[in-house]
Amino acid sequence: MSSVSEPHPDRETGARADAATGSAVSSSGEAGRQANSTNSDSGRGSGRDLLHSDRTFDFSGPMQVWQGFGQDFKELTRRDRQFNFMIRAKDLELDVSHGPILYLEGLNVSFDGFKAINELNLYVNAGELRCVIGPNGAGKTTMMDIITGKTRPDSGSAFFGQKIDLLRLTEPEIAEVGIGRKFQKPTVFEHHSVFENLELAMAADKRVFPTLLARLTGKERDRIDEVLGIIGLQEQAQREASVLSHGQKQWLEIGMLLMQDPHLLLVDEPVAGMTHQEMERTAELLTSLAGKHTVVVVEHDMDFVRSIAKRVTVLHQGSVLAEGSMDEVQNDPRVIEVYLGE
Amino acid sequence: MGLLQPLKGDTGGKIMLAVLALIAVLVPILNLLVPEGNPLHVSTFTVTLLGKYLTYALLAVAVDLVWGYLGILSLGHGAFFALGGYAMGMYLMRQIGDRGVYGDPLLPDFMVFLDWQQLPWFWQGFDQFWYAALMILLVPGLLAFVFGWLAFRSRVTGVYLSIITQALTYALMLAFFRNEMGFGGNNGLTDFKDLLGFDLQSDGTRIGLFLASALALALGYWACRWIVTSKLGRVAVAVRDAESRVRFIGYRVDRVKLAIWTFSAVLAGVAGALYVPQVGIINPGEFSPLNSIELVVWVAIGGRATLYGAVIGAVLVNYGKTVFTGAFPEAWLFVLGGLFVLVTVFLPAGIAGLLKTLRRRRSEPTALKEKSA
Amino acid sequence: MSPMSRFVFGGSDPALAMALGFLLLLMTATGAADNQSTDPASSPTAEFSASPATETAVASDAAPQSEPEPGPESASEPAPAPATASKPGSESDLTAAFDERVSQLTDNSFKVKEAAAQAIAETGDARAIPLLKALLSGDLYYRKDDDRIVYVAPAGSSGWALTDALSGEALGEVGRRDVRKITVNNRMRSALRTSIAALTLASPDPALRLRAAREMVGSDDPAVISAVRTQLAAEDDQQVTEVLTLVVAIADLKQPDIDSRLAAIEVLHGNLYPQARNALNGLLETEQDPGVLAATKAALDAIDRKRQLNSSIETLFFGLSLGSVLVLAAIGLAITFGVMGVINMAHGELIMIGAYTTYLVQQAMPGLTDWSLLVAVPAAFLVSGAFGVAIERTVIRFLYGRPLETLLATFGISLILQQLVRTTISAQNVVVQNPSWMSGSLQLNPGLALTYNRLYILLFALIVFALLLLVLKRTALGLQVRAVSQNRAMARAMGVRSARVDALTFGLGAGIAGVAGVALSQLTNVGPNMGQAYIIDSFMVVVFGGVGNLWGTLVAGMTLGVANKLMEPWAGAVLAKILVLVFIILFIQKRPRGLFPQRGRAAAD
């Protein structure tokens, strides 16, 4: 398994990334496993020969398989061995020492023959504020679905930092390692008050029993009040979320994102349905978040994108068409053709 | 903080518990101390009937917990109820001892009848009450846990989940109908004699069971309130309203569901265990999908996601059933069917919702008056 | 009541089997049955739990529910040829002997009656066959005042119309008490059948001869065998020859010389008549000669291989047959559930209404049972469809987008409909007649017969499926239905009258349920509870196949049917059902959207 994903220059090896599933954390364990995987591979190969050659019997194959088992056994009994189920997602360390926080490589997704994502390669640096634009059906939302675990790609890899393999984590685990998402259509918990919505989103121990016994501390209350201030919903704190306007729901969702305190924020069409003033405030907020957090914004509103973006990625038919500053992208003839030619 | 914390703001629940406490005090007095023939005398038959309603109410509370707060419409909760009932029934069967028709000291009558030579392994231990009590909690709980673990992990939701819960109870019904299963087949378990040494036919035992049912309902209600007022309860409601969103903010939806679902199944099992000694029989009919659907209607009529509404619904519908099947047996299905339709179409919030609306309407005019004055 | 036993084909009701046995006797006697399977053990009758009542080797899968009362055919058919009365010369002696013998039938002693019957057969008189048949079927009576032997036919409200059995003269109507039936016992019945067969063997009609020959398979009566040998020499029909050869071969197994036995074994090699197998098995125990023993074993092996194949085909057929019932029951649901997202728990009751419509149609056109189904199909479609439209307009339209609520409301409706039938018609099951063309079976080989009713229903299910597919794919309504199911708001914006489409779609689903009810009325008991037996299975099929996918429903229904029947032999019917349910529960965990899920981003939410 470890050698499936192609090592990227910025990352050390694919095997390191396996730490996400915790098969081996220490580097010595890793070496051992690599050795044994080679062995069992060759063992399997000669087994195939056995089946197909009718004259010579190669007994080294089975022998190697046995050795492989032996090593597997040793592997299992090593003292420093840590098993998958013993490692919780939140214990995984986010390693951005090489720059990028998000690596998407060779991703493919198709729905009933329609290729929504086609050999997508995308890297986002830690602390960056990246805008992703593209015509309808370019695959923007599907890309976010992959990053957050909602959709599994047919092939390719997605890493958060250098170690965390997103494709092996479930949605809550991905949220736990520090990726938050705001949906295109604002989804808040309609039957909860604004305050409760923020409380639920708040970074905390989200396992069942701690949640059952959880009581709000003063510090947490302060944090919620602070976020209420940021999103301007202090007045509505005790009102049911269902009575909020569309724009207010957008804000509430951004607030929930802030409460999660994620490393990476995925923001899908944040300003849809907002007034110009609100848009400005959103732009302000997002730019202020960048640096400490990494923000990826998908947006259709070009003025808004221009106002916040340093770097823009253009998606088209499931892959990256162009990347660069807003001006570069806007002058790219291919981008012009995609937007205007059709 | 404190024991009353979960009841904060739950006016309906407080009233319901107060009424429950009142009848728990009054009914035994009226049964035991007021002589027969006095118009205030409550017959033992009525006591048992009330006790039965209370176990139904507990079952309805368990269903409301998963349906009202977690959004899982279980059409198979009757199965957990019946399993709890069977566990109790097995204990009661073992208590009969050699007083059965065939007088076998070890084997229940139906086994002797089937010419079985020895007690099946799963009947071992049921002569001990503590063991039976443990099984009453464990068997429904374990089934719910395994079923839920499979279902929630693979995200079977909504209608699909409802249908497979129905299939679950249907399959169990078919299985329990088989004599080979070792649970008395068609006839189920009956002819119980005593419980913990108390004669099941005596007035005192009946009162005791009635009080135990009342206590179980009160405790079960309190526990459910405790869950729904906790942060976990708010997560549950969030799951009900926008499941995938909850996942994206980092909660393991499957585990939240599994925990509450299993707890609810255990409650249903306890209700079943209290039900069986009062009605004196448990048979595979309790597994019938019809029962499970019917009990969802109690909750719907009482008012979903209120808990006390479930209690109201269970008691009212069953009282109606007692009255109607006595007076106009033909009409009962028309009434029940009509209730299903009317409540779902015109009264989606049930009786509790109706009460709430009425209360609000009454308070609003006064508020206006105060303002103008 | 065990719900399982009623699940598919009426279950193993002993009373039913007895009625069936009685019916069979009747048909054999009157020649109404045109096809018979001669193997009660391996024939589909086994599923109706062959009870002692089916004591004869003759069994057919005919109409499990038809009333066993003597139909018009049996009473009117044996109209004797009056011509015989005026036969001249020496034949008149024979006639006299015949008349003499016939008059002995009024005797109380079965022994006398048996001898008389034997003698009647031996006269070879043309009147013998109808007479003996009437005797066998219990239609032969004698008048109490003058001991005249008569045929009876129901006439008026309580009387019988009498026909003289000898002269054919009509004797007018009398009360039922004026005549007495000539009773027969089991011993006589079998003797009668042999006699009738021997007589028929001489018939000029090859079809009659074939049936008679089949009757004699396994007989060891020397008189019969010698009659068969005589006939065999003269026989020119190939099929008849084959059967006659078989009769002789079975008898020859008892021949003293080895070569005859070997030759007989050669004939029986791989023969599927159960009598052949029994005879060979018998030989296995008594035979001394090793050569003959080996040949016997080889012959038996060949038989067993063929039987194996037969039973596989049969299981498959039963499976597909059950599958077709499941598909019929589920396909309407696939529309209301799959296309509209409505959980219609009253679907089973709409099936029930279809079945009751069949019943009412038959009541409305008595004597036309053969045609009633053709009327019942459209009638049931319209009646159930109308109920469906009414349900949609009054209840379901308030509940769109709330599938769980539709489940509860329609469950309420199902209770109301059940009670409605109980109050207006009857709480008991009603009897739905099977038309004659549905009874009997297609004899593929002596050990394998596929009953026509199941074949027709399998065919019917496929036709309904194809028509439905056609409606959805090729008509304007189908287009609108699909449009509304995919995006209600958009369809409305495009000018589709979604309310009308909803009502029609629901009506279509309900109508198909009604049509399924017509088919089910031919297989199972029709009663107020029949719908409940199908609702869970139908949902299982739809969910297993993948909601919103008609092909999925077809494949799922057939798969579940076959799986059920495959497991039944070793697990038993109930356990097989439980296993299938458990399998589906587990399957849904693995593939929550069924076998053929709808895919894409839109399907995710």
# chains A, B, ... in the order shown; residues from 1 in each chain; ligands from 1

call {"tool": "interface_residues", "arguments": {"of": "chain B", "to": "chain C", "cutoff": "7 Å", "atoms": "only C-alpha atoms", "output": "list in words"}}
result
Leu150, Ala151, Ser154, Val156, Val159, Ile164, Ala167, Ala171, Leu174, Ala175, Leu333, Phe334, Leu336, Gly337, Gly338, Phe340, Val341, Thr344 and Val345 of chain B

call {"tool": "interface_residues", "arguments": {"of": "chain A", "to": "chain C", "cutoff": "10 Å", "atoms": "only C-alpha atoms", "output": "list of chain:residue names"}}
result
A:Ser110, A:Phe111, A:Asp112, A:Gly113, A:Phe114, A:Ala116, A:Thr142, A:Lys150, A:Thr151

call {"tool": "closest_atom_pairs", "arguments": {"of": "chain B", "to": "chain A", "cutoff": "10 Å", "atoms": "only C-alpha atoms", "output": "Markdown table"}}
result
| residue | atom | partner | partner_atom | distance |
| --- | --- | --- | --- | --- |
| B:Trp226 | CA | A:Leu212 | CA | 9.0 |
| B:Ile227 | CA | A:Leu212 | CA | 6.9 |
| B:Val228 | CA | A:Leu212 | CA | 9.2 |
| B:Thr229 | CA | A:Leu212 | CA | 9.2 |
| B:Ser230 | CA | A:Leu212 | CA | 5.7 |
| B:Lys231 | CA | A:Thr211 | CA | 5.8 |
| B:Leu232 | CA | A:Leu212 | CA | 4.7 |
| B:Gly233 | CA | A:Leu212 | CA | 7.5 |
| B:Arg234 | CA | A:Leu200 | CA | 7.7 |
| B:Val235 | CA | A:Leu200 | CA | 6.8 |
| B:Val237 | CA | A:His191 | CA | 7.7 |
| B:Ala238 | CA | A:Phe189 | CA | 5.7 |
| B:Val239 | CA | A:Phe189 | CA | 8.7 |
| B:Arg240 | CA | A:Phe189 | CA | 9.3 |
| B:Asp241 | CA | A:Phe189 | CA | 6.4 |
| B:Ala242 | CA | A:Phe189 | CA | 6.6 |
| B:Glu243 | CA | A:Phe189 | CA | 9.6 |
| B:Ser244 | CA | A:Glu171 | CA | 8.6 |
| B:Arg245 | CA | A:Thr187 | CA | 7.0 |
| B:Val246 | CA | A:Pro172 | CA | 8.1 |
| B:Arg247 | CA | A:Pro172 | CA | 4.9 |
| B:Phe248 | CA | A:Pro172 | CA | 5.6 |
| B:Ile249 | CA | A:Ala175 | CA | 5.7 |
| B:Gly250 | CA | A:Pro172 | CA | 3.8 |
| B:Tyr251 | CA | A:Pro172 | CA | 5.4 |
| B:Arg252 | CA | A:Pro172 | CA | 5.7 |
| B:Val253 | CA | A:Pro172 | CA | 8.1 |
| B:Arg255 | CA | A:Val208 | CA | 6.8 |
| B:Val256 | CA | A:Val208 | CA | 5.8 |
| B:Lys257 | CA | A:Val208 | CA | 9.4 |
| B:Leu258 | CA | A:Val208 | CA | 9.6 |
| B:Ala259 | CA | A:Val208 | CA | 7.5 |
| B:Ile260 | CA | A:Val208 | CA | 9.5 |

call {"tool": "closest_residue", "arguments": {"among": "B:Leu138, B:Phe176, B:Val27, B:Arg225", "to": "Ala305 in chain B", "atoms": "only C-alpha atoms"}}
result
B:Arg225

call {"tool": "select_by_dssp", "arguments": {"residues": "range 148-263 of chain C", "states": "strand (DSSP E)", "output": "PyMOL selection string"}}
result
chain C and resi 149-155+159-164+170-175+179-181

call {"tool": "write_last_selection", "arguments": {"atoms": "N, CA, C and O atoms", "output": "compact mmCIF listing (two decimals), in the first residue's frame"}}
result
# COMPACT_ATOMS: atom_id res chain seq x y z
N ILE C 149 -81.16 -47.76 -12.21
CA ILE C 149 -79.87 -47.06 -12.14
C ILE C 149 -79.96 -45.79 -12.99
O ILE C 149 -80.37 -45.84 -14.15
N VAL C 150 -79.57 -44.67 -12.39
CA VAL C 150 -79.73 -43.40 -13.11
C VAL C 150 -78.49 -42.52 -12.96
O VAL C 150 -77.73 -42.66 -12.00
N TYR C 151 -78.35 -41.63 -13.95
CA TYR C 151 -77.41 -40.52 -13.79
C TYR C 151 -78.21 -39.36 -13.25
O TYR C 151 -79.39 -39.21 -13.58
N VAL C 152 -77.55 -38.53 -12.44
CA VAL C 152 -78.27 -37.37 -11.96
C VAL C 152 -77.55 -36.10 -12.37
O VAL C 152 -76.34 -36.09 -12.59
N ALA C 153 -78.33 -35.05 -12.51
CA ALA C 153 -77.77 -33.73 -12.75
C ALA C 153 -78.61 -32.77 -11.95
O ALA C 153 -79.83 -32.96 -11.85
N PRO C 154 -78.00 -31.78 -11.34
CA PRO C 154 -78.78 -30.86 -10.52
C PRO C 154 -79.82 -30.15 -11.39
O PRO C 154 -79.53 -29.76 -12.52
N ALA C 155 -81.00 -30.02 -10.87
CA ALA C 155 -82.04 -29.31 -11.61
C ALA C 155 -82.89 -28.57 -10.61
O ALA C 155 -83.05 -29.01 -9.47
N GLY C 159 -83.82 -30.17 -6.68
CA GLY C 159 -84.08 -31.49 -7.24
C GLY C 159 -82.96 -31.98 -8.14
O GLY C 159 -81.98 -31.30 -8.40
N TRP C 160 -83.12 -33.21 -8.59
CA TRP C 160 -82.19 -33.80 -9.52
C TRP C 160 -82.94 -34.11 -10.82
O TRP C 160 -84.09 -34.52 -10.78
N ALA C 161 -82.26 -33.97 -11.95
CA ALA C 161 -82.84 -34.46 -13.20
C ALA C 161 -82.24 -35.83 -13.43
O ALA C 161 -81.02 -35.99 -13.37
N LEU C 162 -83.07 -36.83 -13.66
CA LEU C 162 -82.57 -38.20 -13.78
C LEU C 162 -82.51 -38.63 -15.24
O LEU C 162 -83.33 -38.23 -16.07
N THR C 163 -81.51 -39.44 -15.54
CA THR C 163 -81.39 -40.04 -16.86
C THR C 163 -81.15 -41.52 -16.63
O THR C 163 -80.27 -41.87 -15.83
N ASP C 164 -81.90 -42.36 -17.31
CA ASP C 164 -81.68 -43.78 -17.12
C ASP C 164 -80.30 -44.16 -17.63
O ASP C 164 -79.91 -43.78 -18.74
N ALA C 170 -84.78 -39.90 -20.44
CA ALA C 170 -84.91 -38.90 -19.39
C ALA C 170 -86.07 -39.27 -18.49
O ALA C 170 -87.14 -39.60 -18.97
N LEU C 171 -85.82 -39.25 -17.20
CA LEU C 171 -86.85 -39.71 -16.28
C LEU C 171 -87.45 -38.57 -15.46
O LEU C 171 -88.15 -38.80 -14.49
N GLY C 172 -87.18 -37.37 -15.87
CA GLY C 172 -87.77 -36.23 -15.18
C GLY C 172 -87.07 -35.89 -13.89
O GLY C 172 -86.02 -36.46 -13.57
N GLU C 173 -87.64 -34.93 -13.17
CA GLU C 173 -86.98 -34.45 -11.95
C GLU C 173 -87.58 -35.10 -10.72
O GLU C 173 -88.78 -35.37 -10.67
N VAL C 174 -86.72 -35.34 -9.78
CA VAL C 174 -87.21 -35.86 -8.51
C VAL C 174 -86.49 -35.12 -7.39
O VAL C 174 -85.52 -34.38 -7.62
N GLY C 175 -86.96 -35.30 -6.19
CA GLY C 175 -86.28 -34.70 -5.04
C GLY C 175 -85.01 -35.47 -4.74
O GLY C 175 -84.85 -36.62 -5.16
N VAL C 179 -83.54 -40.59 -4.55
CA VAL C 179 -82.49 -41.43 -5.15
C VAL C 179 -81.42 -41.70 -4.11
O VAL C 179 -81.28 -40.96 -3.14
N ARG C 180 -80.68 -42.72 -4.35
CA ARG C 180 -79.58 -43.01 -3.42
C ARG C 180 -78.32 -43.24 -4.24
O ARG C 180 -78.35 -43.86 -5.30
N LYS C 181 -77.21 -42.74 -3.70
CA LYS C 181 -75.94 -42.85 -4.42
C LYS C 181 -75.41 -44.27 -4.31
O LYS C 181 -75.58 -44.93 -3.27

call {"tool": "residues_around", "arguments": {"residues": "Leu107 in chain A", "least_positions_apart": "3", "cutoff": "9 Å", "atoms": "only C-alpha atoms", "output": "NGL selection string"}}
result
:A and (104 or 117-121 or 143 or 153-158 or 319)

call {"tool": "write_last_selection", "arguments": {"atoms": "N, CA and C atoms", "output": "mmCIF file, in the first residue's frame"}}
result
data_model
loop_
_atom_site.group_PDB
_atom_site.id
_atom_site.type_symbol
_atom_site.label_atom_id
_atom_site.label_comp_id
_atom_site.auth_asym_id
_atom_site.auth_seq_id
_atom_site.Cartn_x
_atom_site.Cartn_y
_atom_site.Cartn_z
ATOM 1 N N LEU A 104 -3.193 17.974 -3.685
ATOM 2 C CA LEU A 104 -4.144 17.141 -4.435
ATOM 3 C C LEU A 104 -3.423 16.685 -5.689
ATOM 4 N N ILE A 117 -14.033 15.404 -12.105
ATOM 5 C CA ILE A 117 -12.652 15.821 -11.791
ATOM 6 C C ILE A 117 -11.745 14.952 -12.656
ATOM 7 N N ASN A 118 -10.820 15.654 -13.341
ATOM 8 C CA ASN A 118 -10.022 14.959 -14.336
ATOM 9 C C ASN A 118 -8.542 15.265 -14.117
ATOM 10 N N GLU A 119 -7.815 14.325 -13.552
ATOM 11 C CA GLU A 119 -6.370 14.501 -13.329
ATOM 12 C C GLU A 119 -6.063 15.836 -12.672
ATOM 13 N N LEU A 120 -6.737 16.111 -11.581
ATOM 14 C CA LEU A 120 -6.559 17.412 -10.931
ATOM 15 C C LEU A 120 -5.313 17.410 -10.050
ATOM 16 N N ASN A 121 -4.476 18.412 -10.257
ATOM 17 C CA ASN A 121 -3.330 18.619 -9.380
ATOM 18 C C ASN A 121 -3.425 20.020 -8.804
ATOM 19 N N MET A 143 -14.429 19.102 -5.830
ATOM 20 C CA MET A 143 -13.090 19.140 -5.245
ATOM 21 C C MET A 143 -13.193 19.291 -3.726
ATOM 22 N N PRO A 153 -12.535 9.848 -4.423
ATOM 23 C CA PRO A 153 -12.108 9.878 -5.832
ATOM 24 C C PRO A 153 -11.887 8.462 -6.361
ATOM 25 N N ASP A 154 -11.979 8.318 -7.681
ATOM 26 C CA ASP A 154 -11.701 7.018 -8.287
ATOM 27 C C ASP A 154 -10.210 6.721 -8.223
ATOM 28 N N SER A 155 -9.408 7.767 -8.367
ATOM 29 C CA SER A 155 -7.966 7.567 -8.229
ATOM 30 C C SER A 155 -7.340 8.895 -7.833
ATOM 31 N N GLY A 156 -6.067 8.829 -7.437
ATOM 32 C CA GLY A 156 -5.370 10.039 -7.050
ATOM 33 C C GLY A 156 -5.140 10.079 -5.552
ATOM 34 N N SER A 157 -4.512 11.161 -5.091
ATOM 35 C CA SER A 157 -4.245 11.244 -3.665
ATOM 36 C C SER A 157 -4.523 12.652 -3.174
ATOM 37 N N ALA A 158 -4.846 12.739 -1.893
ATOM 38 C CA ALA A 158 -5.110 14.032 -1.275
ATOM 39 C C ALA A 158 -4.466 14.018 0.096
ATOM 40 N N SER A 319 -10.086 20.024 -14.262
ATOM 41 C CA SER A 319 -8.661 20.143 -13.989
ATOM 42 C C SER A 319 -8.245 21.622 -13.994
#

call {"tool": "select_by_dssp", "arguments": {"residues": "range 128-310 of chain A", "states": "helix (DSSP H, G or I)", "output": "PyMOL selection string"}}
result
chain A and resi 140-147+166-168+171-177+194-201+208-213+218-231+241-243+246-260+276-289+302-308

call {"tool": "write_last_selection", "arguments": {"atoms": "C-alpha atoms", "output": "PDB file, in the first residue's frame"}}
result
ATOM      1  CA  LYS A 140     -15.137  23.203  -7.723  1.00  0.00           C
ATOM      2  CA  THR A 141     -17.664  21.781  -5.316  1.00  0.00           C
ATOM      3  CA  THR A 142     -16.653  18.209  -6.109  1.00  0.00           C
ATOM      4  CA  MET A 143     -13.090  19.140  -5.245  1.00  0.00           C
ATOM      5  CA  MET A 144     -14.255  20.390  -1.855  1.00  0.00           C
ATOM      6  CA  ASP A 145     -16.279  17.220  -1.444  1.00  0.00           C
ATOM      7  CA  ILE A 146     -13.113  15.199  -1.931  1.00  0.00           C
ATOM      8  CA  ILE A 147     -11.092  17.233   0.524  1.00  0.00           C
ATOM      9  CA  LEU A 166      -7.282  12.594   3.635  1.00  0.00           C
ATOM     10  CA  LEU A 167      -8.599   9.749   1.552  1.00  0.00           C
ATOM     11  CA  ARG A 168      -8.384   7.428   4.514  1.00  0.00           C
ATOM     12  CA  GLU A 171     -15.656  13.401   7.426  1.00  0.00           C
ATOM     13  CA  PRO A 172     -15.538  13.901  11.197  1.00  0.00           C
ATOM     14  CA  GLU A 173     -11.898  12.844  11.293  1.00  0.00           C
ATOM     15  CA  ILE A 174     -11.090  15.334   8.589  1.00  0.00           C
ATOM     16  CA  ALA A 175     -12.881  17.996  10.598  1.00  0.00           C
ATOM     17  CA  GLU A 176     -10.891  16.895  13.603  1.00  0.00           C
ATOM     18  CA  VAL A 177      -7.499  17.218  11.924  1.00  0.00           C
ATOM     19  CA  VAL A 194     -27.567  30.827  16.978  1.00  0.00           C
ATOM     20  CA  PHE A 195     -25.695  30.380  20.232  1.00  0.00           C
ATOM     21  CA  GLU A 196     -26.214  26.618  20.175  1.00  0.00           C
ATOM     22  CA  ASN A 197     -25.111  26.423  16.575  1.00  0.00           C
ATOM     23  CA  LEU A 198     -21.814  27.986  17.551  1.00  0.00           C
ATOM     24  CA  GLU A 199     -21.573  25.825  20.656  1.00  0.00           C
ATOM     25  CA  LEU A 200     -21.934  22.676  18.592  1.00  0.00           C
ATOM     26  CA  ALA A 201     -19.297  23.778  16.128  1.00  0.00           C
ATOM     27  CA  VAL A 208     -20.080  10.694  22.578  1.00  0.00           C
ATOM     28  CA  PHE A 209     -19.581  10.548  26.337  1.00  0.00           C
ATOM     29  CA  PRO A 210     -17.570  13.723  26.743  1.00  0.00           C
ATOM     30  CA  THR A 211     -20.287  15.411  24.699  1.00  0.00           C
ATOM     31  CA  LEU A 212     -22.991  13.956  26.932  1.00  0.00           C
ATOM     32  CA  LEU A 213     -21.250  15.313  30.030  1.00  0.00           C
ATOM     33  CA  GLY A 218     -16.547  30.531  31.047  1.00  0.00           C
ATOM     34  CA  LYS A 219     -13.754  30.593  28.536  1.00  0.00           C
ATOM     35  CA  GLU A 220     -15.840  28.808  25.949  1.00  0.00           C
ATOM     36  CA  ARG A 221     -18.737  31.168  26.578  1.00  0.00           C
ATOM     37  CA  ASP A 222     -16.409  34.093  26.008  1.00  0.00           C
ATOM     38  CA  ARG A 223     -15.187  32.585  22.781  1.00  0.00           C
ATOM     39  CA  ILE A 224     -18.741  32.145  21.537  1.00  0.00           C
ATOM     40  CA  ASP A 225     -19.543  35.746  22.481  1.00  0.00           C
ATOM     41  CA  GLU A 226     -16.437  36.871  20.649  1.00  0.00           C
ATOM     42  CA  VAL A 227     -17.447  35.057  17.476  1.00  0.00           C
ATOM     43  CA  LEU A 228     -20.998  36.370  17.836  1.00  0.00           C
ATOM     44  CA  GLY A 229     -19.414  39.786  17.787  1.00  0.00           C
ATOM     45  CA  ILE A 230     -17.357  39.034  14.705  1.00  0.00           C
ATOM     46  CA  ILE A 231     -20.342  37.806  12.734  1.00  0.00           C
ATOM     47  CA  ALA A 241     -31.493  29.773  13.336  1.00  0.00           C
ATOM     48  CA  SER A 242     -34.477  29.074  11.102  1.00  0.00           C
ATOM     49  CA  VAL A 243     -35.665  32.673  11.433  1.00  0.00           C
ATOM     50  CA  HIS A 246     -30.098  34.198   4.030  1.00  0.00           C
ATOM     51  CA  GLY A 247     -27.209  36.567   4.624  1.00  0.00           C
ATOM     52  CA  GLN A 248     -27.340  36.024   8.367  1.00  0.00           C
ATOM     53  CA  LYS A 249     -27.208  32.302   7.824  1.00  0.00           C
ATOM     54  CA  GLN A 250     -24.129  32.817   5.698  1.00  0.00           C
ATOM     55  CA  TRP A 251     -22.565  34.700   8.565  1.00  0.00           C
ATOM     56  CA  LEU A 252     -23.617  32.092  11.060  1.00  0.00           C
ATOM     57  CA  GLU A 253     -21.965  29.447   8.973  1.00  0.00           C
ATOM     58  CA  ILE A 254     -18.791  31.459   8.814  1.00  0.00           C
ATOM     59  CA  GLY A 255     -19.062  31.818  12.564  1.00  0.00           C
ATOM     60  CA  MET A 256     -19.339  28.068  12.958  1.00  0.00           C
ATOM     61  CA  LEU A 257     -16.265  27.733  10.830  1.00  0.00           C
ATOM     62  CA  LEU A 258     -14.428  30.131  13.135  1.00  0.00           C
ATOM     63  CA  MET A 259     -15.556  28.190  16.200  1.00  0.00           C
ATOM     64  CA  GLN A 260     -14.022  25.051  14.759  1.00  0.00           C
ATOM     65  CA  HIS A 276     -22.270  45.048  -0.925  1.00  0.00           C
ATOM     66  CA  GLN A 277     -21.428  46.139   2.592  1.00  0.00           C
ATOM     67  CA  GLU A 278     -21.676  42.645   3.944  1.00  0.00           C
ATOM     68  CA  MET A 279     -19.441  41.523   1.108  1.00  0.00           C
ATOM     69  CA  GLU A 280     -16.814  43.987   2.143  1.00  0.00           C
ATOM     70  CA  ARG A 281     -16.969  42.787   5.705  1.00  0.00           C
ATOM     71  CA  THR A 282     -16.611  39.215   4.540  1.00  0.00           C
ATOM     72  CA  ALA A 283     -13.607  40.136   2.439  1.00  0.00           C
ATOM     73  CA  GLU A 284     -12.080  41.817   5.442  1.00  0.00           C
ATOM     74  CA  LEU A 285     -12.719  38.836   7.619  1.00  0.00           C
ATOM     75  CA  LEU A 286     -11.280  36.335   5.173  1.00  0.00           C
ATOM     76  CA  THR A 287      -8.132  38.347   4.569  1.00  0.00           C
ATOM     77  CA  SER A 288      -7.639  38.757   8.287  1.00  0.00           C
ATOM     78  CA  LEU A 289      -7.909  34.998   8.737  1.00  0.00           C
ATOM     79  CA  MET A 302     -15.220  38.391  -9.730  1.00  0.00           C
ATOM     80  CA  ASP A 303     -15.165  41.706  -7.912  1.00  0.00           C
ATOM     81  CA  PHE A 304     -15.078  39.888  -4.632  1.00  0.00           C
ATOM     82  CA  VAL A 305     -12.337  37.578  -5.826  1.00  0.00           C
ATOM     83  CA  ARG A 306     -10.314  40.513  -7.077  1.00  0.00           C
ATOM     84  CA  SER A 307     -10.702  42.258  -3.725  1.00  0.00           C
ATOM     85  CA  ILE A 308      -9.260  39.400  -1.691  1.00  0.00           C
TER      86      ILE A 308
END

call {"tool": "residues_around", "arguments": {"residues": "range 296-308 of chain C", "least_positions_apart": "2", "cutoff": "7 Å", "atoms": "only C-alpha atoms", "output": "list in words"}}
result
Ile265, Leu268, His269, Gly270, Asn271, Leu272, Arg277, Leu280, Leu284, Val292, Leu293, Ala294, Asn310, Ser311 and Ser312 of chain C

call {"tool": "residues_around", "arguments": {"residues": "Leu274 in chain B", "least_positions_apart": "5", "cutoff": "12 Å", "atoms": "only C-alpha atoms", "output": "number ranges by chain"}}
result
B: 48, 51-59, 81-89, 92, 133, 136, 195, 206, 208-217, 267-269, 279-282

call {"tool": "residues_around", "arguments": {"residues": "Val389 in chain C", "least_positions_apart": "5", "cutoff": "12 Å", "atoms": "only C-alpha atoms", "output": "list in words"}}
result
Thr336, Leu350, Phe381, Leu382, Val383, Ser384, Thr394, Val395, Ile396, Arg397, Ala499, Arg500, Val501, Asp502, Ala503, Leu504, Thr505, Phe506, Gly507, Leu508, Gly509, Ala510 and Gly511 of chain C
